Structures are given as structure tokens and as C-alpha cells.
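So this one's coords_34.pdb, PDB, C-alpha atoms, pLDDT in the B column:
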```pdb
ATOM      1  CA  GLY A   1       0.000   0.000   0.000  1.00 49.00           C
ATOM      2  CA  ASP A   2       0.861   3.671  -0.237  1.00 52.00           C
ATOM      3  CA  PRO A   3       2.752   4.623   2.947  1.00 53.00           C
ATOM      4  CA  ASP A   4       1.660   8.257   2.523  1.00 55.00           C
ATOM      5  CA  SER A   5      -2.034   7.390   2.283  1.00 60.00           C
ATOM      6  CA  LYS A   6      -4.318   9.576   4.351  1.00 69.00           C
ATOM      7  CA  ASN A   7      -6.647   6.631   4.956  1.00 74.00           C
ATOM      8  CA  ASN A   8      -6.630   5.586   8.593  1.00 91.00           C
ATOM      9  CA  VAL A   9      -8.358   2.518   9.974  1.00 95.00           C
ATOM     10  CA  VAL A  10      -9.300   1.838  13.576  1.00 96.00           C
ATOM     11  CA  MET A  11     -10.617  -1.652  14.249  1.00 97.00           C
ATOM     12  CA  LEU A  12     -12.752  -1.879  17.381  1.00 97.00           C
ATOM     13  CA  TYR A  13     -12.580  -5.628  17.847  1.00 97.00           C
ATOM     14  CA  GLY A  14     -15.019  -7.080  20.367  1.00 96.00           C
ATOM     15  CA  SER A  15     -14.561 -10.630  21.612  1.00 96.00           C
ATOM     16  CA  GLN A  16     -15.695 -12.533  24.687  1.00 96.00           C
ATOM     17  CA  VAL A  17     -12.307 -13.743  25.920  1.00 97.00           C
ATOM     18  CA  SER A  18      -8.737 -13.269  24.746  1.00 96.00           C
ATOM     19  CA  THR A  19      -8.571 -16.790  23.297  1.00 95.00           C
ATOM     20  CA  ASP A  20     -11.599 -15.954  21.067  1.00 93.00           C
ATOM     21  CA  ILE A  21      -9.831 -13.196  19.113  1.00 96.00           C
ATOM     22  CA  LEU A  22      -9.791 -14.561  15.560  1.00 95.00           C
ATOM     23  CA  GLY A  23      -6.746 -13.528  13.539  1.00 96.00           C
ATOM     24  CA  ARG A  24      -5.232 -11.738  16.514  1.00 96.00           C
ATOM     25  CA  ALA A  25      -1.600 -12.305  15.490  1.00 97.00           C
ATOM     26  CA  MET A  26      -2.345 -10.902  12.036  1.00 97.00           C
ATOM     27  CA  VAL A  27      -4.235  -7.758  13.088  1.00 97.00           C
ATOM     28  CA  ASP A  28      -1.781  -7.033  15.899  1.00 97.00           C
ATOM     29  CA  GLN A  29       1.093  -7.348  13.396  1.00 98.00           C
ATOM     30  CA  TRP A  30      -0.649  -4.950  10.987  1.00 97.00           C
ATOM     31  CA  ALA A  31      -0.907  -2.440  13.837  1.00 96.00           C
ATOM     32  CA  LYS A  32       2.842  -2.804  14.480  1.00 97.00           C
ATOM     33  CA  ASP A  33       3.770  -2.599  10.787  1.00 97.00           C
ATOM     34  CA  TYR A  34       1.536   0.405   9.968  1.00 95.00           C
ATOM     35  CA  PRO A  35       1.228   2.409  13.205  1.00 94.00           C
ATOM     36  CA  ASN A  36       0.232   5.612  11.409  1.00 92.00           C
ATOM     37  CA  ARG A  37      -2.485   3.923   9.360  1.00 94.00           C
ATOM     38  CA  PHE A  38      -3.963   1.046  11.380  1.00 96.00           C
ATOM     39  CA  LYS A  39      -4.913   0.695  15.039  1.00 96.00           C
ATOM     40  CA  VAL A  40      -6.688  -2.223  16.668  1.00 97.00           C
ATOM     41  CA  VAL A  41      -8.532  -1.846  19.963  1.00 97.00           C
ATOM     42  CA  HIS A  42      -9.475  -5.194  21.490  1.00 97.00           C
ATOM     43  CA  VAL A  43     -12.473  -5.141  23.839  1.00 97.00           C
ATOM     44  CA  LEU A  44     -13.298  -8.261  25.853  1.00 97.00           C
ATOM     45  CA  SER A  45     -16.778  -8.743  27.323  1.00 96.00           C
ATOM     46  CA  ASN A  46     -16.234 -11.915  29.345  1.00 97.00           C
ATOM     47  CA  GLU A  47     -12.509 -12.179  30.137  1.00 97.00           C
ATOM     48  CA  PRO A  48     -11.925 -13.626  33.641  1.00 96.00           C
ATOM     49  CA  LYS A  49     -11.221 -10.852  36.150  1.00 93.00           C
ATOM     50  CA  ASP A  50      -8.040 -12.589  37.339  1.00 95.00           C
ATOM     51  CA  SER A  51      -6.521 -12.996  33.865  1.00 96.00           C
ATOM     52  CA  ILE A  52      -3.383 -11.157  32.767  1.00 96.00           C
ATOM     53  CA  TRP A  53      -5.408  -9.186  30.158  1.00 96.00           C
ATOM     54  CA  ASP A  54      -4.544  -5.505  30.531  1.00 94.00           C
ATOM     55  CA  GLY A  55      -6.600  -4.248  27.588  1.00 95.00           C
ATOM     56  CA  ARG A  56     -10.120  -2.932  27.499  1.00 97.00           C
ATOM     57  CA  ARG A  57     -13.038  -4.825  28.949  1.00 97.00           C
ATOM     58  CA  GLY A  58     -16.772  -4.558  28.374  1.00 96.00           C
ATOM     59  CA  PHE A  59     -18.472  -3.850  25.065  1.00 95.00           C
ATOM     60  CA  ILE A  60     -18.009  -1.487  22.154  1.00 96.00           C
ATOM     61  CA  ASN A  61     -19.942   1.521  23.431  1.00 96.00           C
ATOM     62  CA  ARG A  62     -20.556   5.206  22.743  1.00 97.00           C
ATOM     63  CA  ALA A  63     -17.494   6.381  24.694  1.00 96.00           C
ATOM     64  CA  LEU A  64     -15.212   4.041  22.730  1.00 96.00           C
ATOM     65  CA  ILE A  65     -16.672   5.114  19.395  1.00 97.00           C
ATOM     66  CA  GLU A  66     -16.359   8.796  20.336  1.00 96.00           C
ATOM     67  CA  GLU A  67     -12.735   8.212  21.349  1.00 96.00           C
ATOM     68  CA  TYR A  68     -11.712   6.707  18.003  1.00 94.00           C
ATOM     69  CA  ALA A  69     -14.210   7.742  15.295  1.00 94.00           C
ATOM     70  CA  PRO A  70     -14.725  11.106  13.647  1.00 94.00           C
ATOM     71  CA  ASP A  71     -18.011  12.912  14.198  1.00 95.00           C
ATOM     72  CA  PRO A  72     -20.821  11.988  11.756  1.00 96.00           C
ATOM     73  CA  SER A  73     -20.612  15.541  10.358  1.00 96.00           C
ATOM     74  CA  VAL A  74     -17.371  14.505   8.615  1.00 92.00           C
ATOM     75  CA  GLY A  75     -19.640  12.898   6.023  1.00 94.00           C
ATOM     76  CA  GLU A  76     -18.582  10.110   3.694  1.00 90.00           C
ATOM     77  CA  ASP A  77     -14.958  10.304   4.855  1.00 91.00           C
ATOM     78  CA  VAL A  78     -15.972   8.273   7.920  1.00 94.00           C
ATOM     79  CA  MET A  79     -17.090   4.690   7.353  1.00 95.00           C
ATOM     80  CA  PHE A  80     -18.039   1.904   9.716  1.00 97.00           C
ATOM     81  CA  PHE A  81     -17.934  -1.723   8.614  1.00 96.00           C
ATOM     82  CA  ILE A  82     -19.978  -3.859  10.980  1.00 96.00           C
ATOM     83  CA  CYS A  83     -19.579  -7.618  11.201  1.00 95.00           C
ATOM     84  CA  GLY A  84     -20.554  -9.946  14.031  1.00 93.00           C
ATOM     85  CA  PRO A  85     -23.430 -11.822  15.634  1.00 92.00           C
ATOM     86  CA  PRO A  86     -27.025 -10.518  15.439  1.00 94.00           C
ATOM     87  CA  PRO A  87     -27.037  -9.029  18.982  1.00 93.00           C
ATOM     88  CA  MET A  88     -24.041  -6.870  18.042  1.00 93.00           C
ATOM     89  CA  TYR A  89     -25.768  -5.606  14.889  1.00 96.00           C
ATOM     90  CA  ASN A  90     -28.881  -4.809  16.923  1.00 95.00           C
ATOM     91  CA  ALA A  91     -26.867  -2.873  19.495  1.00 96.00           C
ATOM     92  CA  LEU A  92     -24.588  -0.962  17.114  1.00 97.00           C
ATOM     93  CA  SER A  93     -26.323  -0.503  13.768  1.00 97.00           C
ATOM     94  CA  GLY A  94     -29.651  -2.293  13.541  1.00 97.00           C
ATOM     95  CA  PRO A  95     -30.221  -5.590  11.732  1.00 96.00           C
ATOM     96  CA  ARG A  96     -27.838  -6.672   8.999  1.00 94.00           C
ATOM     97  CA  GLY A  97     -30.419  -6.883   6.223  1.00 91.00           C
ATOM     98  CA  GLU A  98     -31.745  -3.344   6.803  1.00 94.00           C
ATOM     99  CA  PRO A  99     -29.929  -0.399   5.210  1.00 93.00           C
ATOM    100  CA  GLN A 100     -31.387   2.019   7.791  1.00 96.00           C
ATOM    101  CA  VAL A 101     -28.933   2.734  10.615  1.00 98.00           C
ATOM    102  CA  LYS A 102     -30.427   2.144  14.045  1.00 97.00           C
ATOM    103  CA  GLY A 103     -28.866   1.241  17.367  1.00 97.00           C
ATOM    104  CA  LEU A 104     -25.990   3.185  18.856  1.00 98.00           C
ATOM    105  CA  LEU A 105     -24.553   4.465  15.562  1.00 98.00           C
ATOM    106  CA  GLY A 106     -27.997   5.663  14.471  1.00 98.00           C
ATOM    107  CA  ASP A 107     -28.481   7.408  17.820  1.00 97.00           C
ATOM    108  CA  MET A 108     -25.091   9.098  17.341  1.00 98.00           C
ATOM    109  CA  GLY A 109     -26.157  10.464  13.950  1.00 98.00           C
ATOM    110  CA  TYR A 110     -24.300   8.179  11.535  1.00 98.00           C
ATOM    111  CA  GLY A 111     -26.222   7.394   8.348  1.00 96.00           C
ATOM    112  CA  GLU A 112     -26.576   4.824   5.591  1.00 96.00           C
ATOM    113  CA  LYS A 113     -23.639   6.198   3.567  1.00 96.00           C
ATOM    114  CA  GLN A 114     -21.383   5.788   6.608  1.00 97.00           C
ATOM    115  CA  VAL A 115     -22.361   2.363   7.973  1.00 97.00           C
ATOM    116  CA  TYR A 116     -21.889  -0.868   6.012  1.00 96.00           C
ATOM    117  CA  LYS A 117     -23.300  -4.074   7.447  1.00 96.00           C
ATOM    118  CA  PHE A 118     -21.794  -7.251   6.032  1.00 92.00           C
TER     119      PHE A 118
END
```
In C-alpha cells, write the structure found in this file.
Amino acid sequence: GDPDSKNNVVMLYGSQVSTDILGRAMVDQWAKDYPNRFKVVHVLSNEPKDSIWDGRRGFINRALIEEYAPDPSVGEDVMFFICGPPPMYNALSGPRGEPQVKGLLGDMGYGEKQVYKF
């Protein structure tokens, strides 16, 4: 890829426990190789309290999105790609088969040209 690209990607990656993170070695390596273009934020919802995990815990929520994503007023230069189980779609964007943006991203003002459900 173009090292001078202005495209930046932040992956908010929700999993239940650290051993559930699919492709972790790969996405973590991308973050190391392209620190100015790619960041991954792992969020674990069910990691045992006594584990050595020192990353984020809980769910992808409004505060996390506000921390890493541009405001919806940025327009089509901000894009969300949503992929996961049905409860995650319902919480973040509304059902996968519906183009209308509901859930948290809808409440925050993001629209159909900014949210892709796949």
C-alpha cells in the first residue's frame, strides 16, 4: 500500500475472551507494521477478572466510538464496517439486512452512507 495514504483505519474488535480473538496475530502485526495507518482496539466482554489481560473490557460503546471515530458531520470520509453476531448488529447498527442505521450508531447520527453491514 501507499505509505503516505491519508486513509486511517481503527478496528474496534469485540470478543468474549482473549482466546476468542480470531486472527489476533495478524491484526496485531498490521498495527505494528503500519502504526500511522492502522490501530486495533481489542475489547473483551467476558474475560476472567483474574486474567493477565490488561486491555479494554466490556463492550463497544458510545465512549469508545467517540474516542476513536470522527463525528458523523465529517460525512462520507468516515465509514463503519460492521460484522458480528445478530445481537451486536442490533446494538450498534440495527439488523444486517436493513440499510437504515439504528442502534448506537444511528443514535449518534451516523447514516446509511457511513455504515456498512456485512
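The gap separating CA of Gln114 in chain A from CA of Met79 in chain A is 4.5 Å, in Å to one decimal.
Note that CA of Val41 in chain A and CA of Leu12 in chain A are 4.9 Å apart.
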- Task: Please tell me which residues are no farther than 12 Å from (-23.1, 3.2, 2.7) in the file, counting only C-alpha atoms, and write them as number ranges by chain.
- Result: A: 75-82, 98-101, 110-118
Could the residues in this selection be saved with C-alpha atoms as a PDB file, in the coordinates of the input?
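Writing done, so here's selection-v4.pdb:
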```
ATOM      1  CA  GLY A  75     -19.640  12.898   6.023  1.00 94.00           C
ATOM      2  CA  GLU A  76     -18.582  10.110   3.694  1.00 90.00           C
ATOM      3  CA  ASP A  77     -14.958  10.304   4.855  1.00 91.00           C
ATOM      4  CA  VAL A  78     -15.972   8.273   7.920  1.00 94.00           C
ATOM      5  CA  MET A  79     -17.090   4.690   7.353  1.00 95.00           C
ATOM      6  CA  PHE A  80     -18.039   1.904   9.716  1.00 97.00           C
ATOM      7  CA  PHE A  81     -17.934  -1.723   8.614  1.00 96.00           C
ATOM      8  CA  ILE A  82     -19.978  -3.859  10.980  1.00 96.00           C
ATOM      9  CA  GLU A  98     -31.745  -3.344   6.803  1.00 94.00           C
ATOM     10  CA  PRO A  99     -29.929  -0.399   5.210  1.00 93.00           C
ATOM     11  CA  GLN A 100     -31.387   2.019   7.791  1.00 96.00           C
ATOM     12  CA  VAL A 101     -28.933   2.734  10.615  1.00 98.00           C
ATOM     13  CA  TYR A 110     -24.300   8.179  11.535  1.00 98.00           C
ATOM     14  CA  GLY A 111     -26.222   7.394   8.348  1.00 96.00           C
ATOM     15  CA  GLU A 112     -26.576   4.824   5.591  1.00 96.00           C
ATOM     16  CA  LYS A 113     -23.639   6.198   3.567  1.00 96.00           C
ATOM     17  CA  GLN A 114     -21.383   5.788   6.608  1.00 97.00           C
ATOM     18  CA  VAL A 115     -22.361   2.363   7.973  1.00 97.00           C
ATOM     19  CA  TYR A 116     -21.889  -0.868   6.012  1.00 96.00           C
ATOM     20  CA  LYS A 117     -23.300  -4.074   7.447  1.00 96.00           C
ATOM     21  CA  PHE A 118     -21.794  -7.251   6.032  1.00 92.00           C
TER      22      PHE A 118
END
```
- Item | Chain and number of each residue from the PyMOL selection byres ((chain A and resi 69) around 12), as a VMD selection string | chain A and resid 8 to 12 39 61 to 68 70 to 75 77 to 80 105 108 110 114
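Pairwise distance (CA of Tyr89 in chain A, CA of Gly14 in chain A) equals 12.2 Å.
Here, the PyMOL selection byres ((chain A and resi 88) around 12) matches Tyr13, Gly14, Ser15, Ser45, Phe59, Ile60, Asn61, Ile82, Cys83, Gly84, Pro85, Pro86, Pro87, Tyr89, Asn90, Ala91, Leu92, Ser93, Gly94, Pro95, Arg96, Lys102, Gly103, Leu104, Leu105 and Lys117 of chain A.
Distance annotation: of A:Val40, A:Val27, A:Val17, A:Leu22, the residue with the minimal separation from Arg57 in chain A is A:Val17; atom set is all atoms listed in the file.
Counting only C-alpha atoms and comparing A:Ala25, A:Ser18, A:Trp30, A:Gly106, the residue that lies closest to His42 in chain A is A:Ser18.
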Please give the centre and size of the box around range 7-26 of chain A (axis-aligned, containing every atom listed in the file, 3 Å added per side), with values in Å to one decimal and written as lines of an AutoDock Vina configuration file.
```
center_x = -8.6
center_y = -5.1
center_z = 15.4
size_x = 20.1
size_y = 29.4
size_z = 27.0
```
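Nearest to Phe38 in chain A of all the residues A:Asp20, A:Asn7, A:Trp53, A:Met26 is A:Asn7, counting only C-alpha atoms.
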Quick one: range 20-43 of chain A with N, CA, C and O atoms, as an mmCIF file, in the coordinates of the input?
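Output saved as result-v2.cif:
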```cif
data_model
loop_
_atom_site.group_PDB
_atom_site.id
_atom_site.type_symbol
_atom_site.label_atom_id
_atom_site.label_comp_id
_atom_site.auth_asym_id
_atom_site.auth_seq_id
_atom_site.Cartn_x
_atom_site.Cartn_y
_atom_site.Cartn_z
ATOM 1 N N ASP A 20 -10.603 -16.010 22.150
ATOM 2 C CA ASP A 20 -11.599 -15.954 21.067
ATOM 3 C C ASP A 20 -11.213 -14.989 19.946
ATOM 4 O O ASP A 20 -11.928 -14.898 18.959
ATOM 5 N N ILE A 21 -10.156 -14.230 20.094
ATOM 6 C CA ILE A 21 -9.831 -13.196 19.113
ATOM 7 C C ILE A 21 -9.301 -13.859 17.842
ATOM 8 O O ILE A 21 -8.154 -14.295 17.782
ATOM 9 N N LEU A 22 -10.167 -13.934 16.832
ATOM 10 C CA LEU A 22 -9.791 -14.561 15.560
ATOM 11 C C LEU A 22 -8.790 -13.682 14.818
ATOM 12 O O LEU A 22 -8.978 -12.471 14.717
ATOM 13 N N GLY A 23 -7.727 -14.284 14.315
ATOM 14 C CA GLY A 23 -6.746 -13.528 13.539
ATOM 15 C C GLY A 23 -5.960 -12.525 14.354
ATOM 16 O O GLY A 23 -5.412 -11.567 13.810
ATOM 17 N N ARG A 24 -5.884 -12.725 15.648
ATOM 18 C CA ARG A 24 -5.232 -11.738 16.514
ATOM 19 C C ARG A 24 -3.787 -11.462 16.113
ATOM 20 O O ARG A 24 -3.366 -10.305 16.045
ATOM 21 N N ALA A 25 -3.017 -12.509 15.851
ATOM 22 C CA ALA A 25 -1.600 -12.305 15.490
ATOM 23 C C ALA A 25 -1.498 -11.424 14.248
ATOM 24 O O ALA A 25 -0.655 -10.529 14.174
ATOM 25 N N MET A 26 -2.386 -11.660 13.290
ATOM 26 C CA MET A 26 -2.345 -10.902 12.036
ATOM 27 C C MET A 26 -2.707 -9.435 12.263
ATOM 28 O O MET A 26 -1.969 -8.549 11.847
ATOM 29 N N VAL A 27 -3.838 -9.162 12.915
ATOM 30 C CA VAL A 27 -4.235 -7.758 13.088
ATOM 31 C C VAL A 27 -3.280 -7.012 14.014
ATOM 32 O O VAL A 27 -2.993 -5.836 13.792
ATOM 33 N N ASP A 28 -2.758 -7.683 15.023
ATOM 34 C CA ASP A 28 -1.781 -7.033 15.899
ATOM 35 C C ASP A 28 -0.497 -6.715 15.127
ATOM 36 O O ASP A 28 0.119 -5.671 15.348
ATOM 37 N N GLN A 29 -0.100 -7.605 14.219
ATOM 38 C CA GLN A 29 1.093 -7.348 13.396
ATOM 39 C C GLN A 29 0.855 -6.171 12.451
ATOM 40 O O GLN A 29 1.732 -5.347 12.260
ATOM 41 N N TRP A 30 -0.327 -6.093 11.854
ATOM 42 C CA TRP A 30 -0.649 -4.950 10.987
ATOM 43 C C TRP A 30 -0.505 -3.647 11.767
ATOM 44 O O TRP A 30 0.021 -2.662 11.262
ATOM 45 N N ALA A 31 -0.991 -3.645 13.010
ATOM 46 C CA ALA A 31 -0.907 -2.440 13.837
ATOM 47 C C ALA A 31 0.555 -2.068 14.102
ATOM 48 O O ALA A 31 0.900 -0.885 14.128
ATOM 49 N N LYS A 32 1.411 -3.070 14.276
ATOM 50 C CA LYS A 32 2.842 -2.804 14.480
ATOM 51 C C LYS A 32 3.503 -2.318 13.194
ATOM 52 O O LYS A 32 4.345 -1.431 13.210
ATOM 53 N N ASP A 33 3.142 -2.931 12.068
ATOM 54 C CA ASP A 33 3.770 -2.599 10.787
ATOM 55 C C ASP A 33 3.327 -1.247 10.232
ATOM 56 O O ASP A 33 4.078 -0.611 9.496
ATOM 57 N N TYR A 34 2.095 -0.835 10.534
ATOM 58 C CA TYR A 34 1.536 0.405 9.968
ATOM 59 C C TYR A 34 0.950 1.281 11.075
ATOM 60 O O TYR A 34 -0.231 1.618 11.061
ATOM 61 N N PRO A 35 1.766 1.699 12.038
ATOM 62 C CA PRO A 35 1.228 2.409 13.205
ATOM 63 C C PRO A 35 0.542 3.734 12.880
ATOM 64 O O PRO A 35 -0.307 4.181 13.643
ATOM 65 N N ASN A 36 0.877 4.352 11.762
ATOM 66 C CA ASN A 36 0.232 5.612 11.409
ATOM 67 C C ASN A 36 -1.038 5.421 10.592
ATOM 68 O O ASN A 36 -1.715 6.393 10.278
ATOM 69 N N ARG A 37 -1.332 4.169 10.224
ATOM 70 C CA ARG A 37 -2.485 3.923 9.360
ATOM 71 C C ARG A 37 -3.497 2.946 9.935
ATOM 72 O O ARG A 37 -4.642 2.943 9.513
ATOM 73 N N PHE A 38 -3.064 2.083 10.871
ATOM 74 C CA PHE A 38 -3.963 1.046 11.380
ATOM 75 C C PHE A 38 -3.793 0.896 12.888
ATOM 76 O O PHE A 38 -2.683 0.765 13.383
ATOM 77 N N LYS A 39 -4.914 0.912 13.594
ATOM 78 C CA LYS A 39 -4.913 0.695 15.039
ATOM 79 C C LYS A 39 -5.992 -0.329 15.345
ATOM 80 O O LYS A 39 -7.082 -0.270 14.775
ATOM 81 N N VAL A 40 -5.682 -1.261 16.222
ATOM 82 C CA VAL A 40 -6.688 -2.223 16.668
ATOM 83 C C VAL A 40 -6.891 -2.026 18.166
ATOM 84 O O VAL A 40 -5.935 -1.867 18.921
ATOM 85 N N VAL A 41 -8.164 -1.975 18.559
ATOM 86 C CA VAL A 41 -8.532 -1.846 19.963
ATOM 87 C C VAL A 41 -9.366 -3.074 20.311
ATOM 88 O O VAL A 41 -10.504 -3.210 19.859
ATOM 89 N N HIS A 42 -8.765 -3.992 21.062
ATOM 90 C CA HIS A 42 -9.475 -5.194 21.490
ATOM 91 C C HIS A 42 -10.315 -4.856 22.719
ATOM 92 O O HIS A 42 -9.852 -4.172 23.633
ATOM 93 N N VAL A 43 -11.554 -5.351 22.730
ATOM 94 C CA VAL A 43 -12.473 -5.141 23.839
ATOM 95 C C VAL A 43 -13.057 -6.499 24.205
ATOM 96 O O VAL A 43 -13.675 -7.150 23.360
#
```
